[in-house]
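What follows is a set of notes on a single structure, which appears directly below.
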Amino acid sequence: MIRIDELLRAYRLGYFPMSDPKDGKVYWCQPYKRAIVDLDTYKPSRDVCRLKRKKEFIVTFDEEFEGVIKGCAAPRKHDDETWISGEIIEAYVKLYELGLAHSVESWFEGELVGGLYGIALGGVFFGESMFFRRAYASRIAFDSLIQHLIKKGYQLLDAQIMNPHLGKLGAVEISHEEYMVLLAEALKKKIVFL
């Protein structure tokens, strides 16, 4: 079982948990390179802007946390393994109940079709995972998160490990050392997420 105090301490020290799909054990990760989204230079894609104007999706915050984390834990189209174990779900639901973990939900015709979740500490949002069941649903949730973080004065959006999807969303990769400097500075802020 993941202890909540241990989990929060890990984030403050630059670690995050992942479970191994093969043995189910939780491991603490601290990559040499870190993916972040620069809140000052973020620009949504034309498709996201178009969908926002059409108001095709309704976006909410913290209305369906368990639905989002379970959506993120579900096997992907081309991969039947997940790093989000039952133990991780249980820990993050506790963090949500404590007001530290948050979700952004995308709804289409009353159905949850995408979203993301993460942890907010100080001026940092640690993005954990996102999912979609309808094209662009997670991107719309992501864009709503960014706009919210900017409005509230957050300094850092941690996206953990770079991948092609994060690159399309505007993430960049920085060194671990640079990340730790940004993290220490951002953690000094006192911001209430909602």
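By convention in this document, the chains of the structure tokens carry letters A, B, ... by their order, each chain's residues are numbered from 1, and ligands are numbered from 1 in the order they are shown.
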
Test item: residues at most 8 Å from A:Asp62, only C-alpha atoms, excluding those fewer than 5 positions along its chain, as a ChimeraX atom specification: /A:102-105

Give me the residues near A:Pro31 as an MDAnalysis selection string, where near means some atom within 10 Å (using only C-alpha atoms) and where sequence neighbours in that chain fewer than 4 positions away do not count. chainID A and resid 14:16 35 160:161 175:176

Can you pull out the residues contacting stretch 83-90 of chain A? Cut-off 6 Å, using only C-alpha atoms, and skip same-chain residues under 2 positions away; I want them as a PyMOL selection string. chain A and resi 18-21+73+92-93

I need the residues in stretch 5-169 of chain A that are strand (DSSP E or B) according to DSSP; give them as number ranges by chain. A: 16-19, 26-29, 33-37, 58-61, 76, 79, 101-108, 111-121, 124-132, 156-160

Output for the residues just chosen: C-alpha atoms as a short mmCIF file (atom, residue, chain, number, x, y, z; two decimals), in the first residue's frame:
```cif
data_model
loop_
_atom_site.label_atom_id
_atom_site.label_comp_id
_atom_site.auth_asym_id
_atom_site.auth_seq_id
_atom_site.Cartn_x
_atom_site.Cartn_y
_atom_site.Cartn_z
CA PHE A 16 6.61 9.79 -9.24
CA PRO A 17 5.19 6.25 -8.95
CA MET A 18 4.55 3.70 -11.67
CA SER A 19 3.52 0.11 -11.24
CA VAL A 26 5.09 0.13 -7.50
CA TYR A 27 8.41 1.73 -8.44
CA TRP A 28 9.59 5.29 -7.90
CA CYS A 29 10.73 7.00 -11.12
CA LYS A 33 15.04 14.09 -18.72
CA ARG A 34 11.69 15.56 -17.70
CA ALA A 35 8.77 16.59 -19.90
CA ILE A 36 7.16 19.88 -18.95
CA VAL A 37 4.68 22.21 -20.61
CA ILE A 58 -18.49 20.30 -21.87
CA VAL A 59 -15.50 20.47 -19.53
CA THR A 60 -15.70 20.08 -15.75
CA PHE A 61 -13.21 19.89 -12.90
CA ARG A 76 -5.04 1.31 -24.71
CA ASP A 79 -1.37 -1.97 -25.60
CA ALA A 101 -5.49 15.26 -6.67
CA HIS A 102 -7.74 16.70 -9.36
CA SER A 103 -9.40 15.67 -12.57
CA VAL A 104 -10.52 17.49 -15.69
CA GLU A 105 -13.38 15.81 -17.51
CA SER A 106 -14.59 16.12 -21.11
CA TRP A 107 -18.24 15.26 -21.66
CA PHE A 108 -20.12 14.68 -24.91
CA GLU A 111 -21.13 10.86 -21.39
CA LEU A 112 -17.58 11.03 -19.99
CA VAL A 113 -15.45 10.74 -23.14
CA GLY A 114 -12.03 11.89 -21.94
CA GLY A 115 -10.03 13.61 -19.30
CA LEU A 116 -6.89 13.77 -17.25
CA TYR A 117 -5.81 13.75 -13.63
CA GLY A 118 -2.87 14.86 -11.52
CA ILE A 119 -1.72 16.40 -8.27
CA ALA A 120 -1.55 20.09 -7.38
CA LEU A 121 1.10 21.16 -4.84
CA VAL A 124 3.03 22.87 -9.59
CA PHE A 125 0.55 20.60 -11.32
CA PHE A 126 1.93 17.09 -11.71
CA GLY A 127 0.08 15.63 -14.69
CA GLU A 128 -0.33 11.89 -14.36
CA SER A 129 -2.32 10.51 -17.26
CA MET A 130 -5.05 11.25 -19.78
CA PHE A 131 -7.50 9.23 -21.83
CA PHE A 132 -10.09 9.68 -24.53
CA LEU A 156 5.05 24.49 -13.60
CA LEU A 157 3.13 21.76 -15.41
CA ASP A 158 5.06 18.50 -15.05
CA ALA A 159 4.26 16.00 -17.80
CA GLN A 160 6.82 13.43 -16.55
#
```
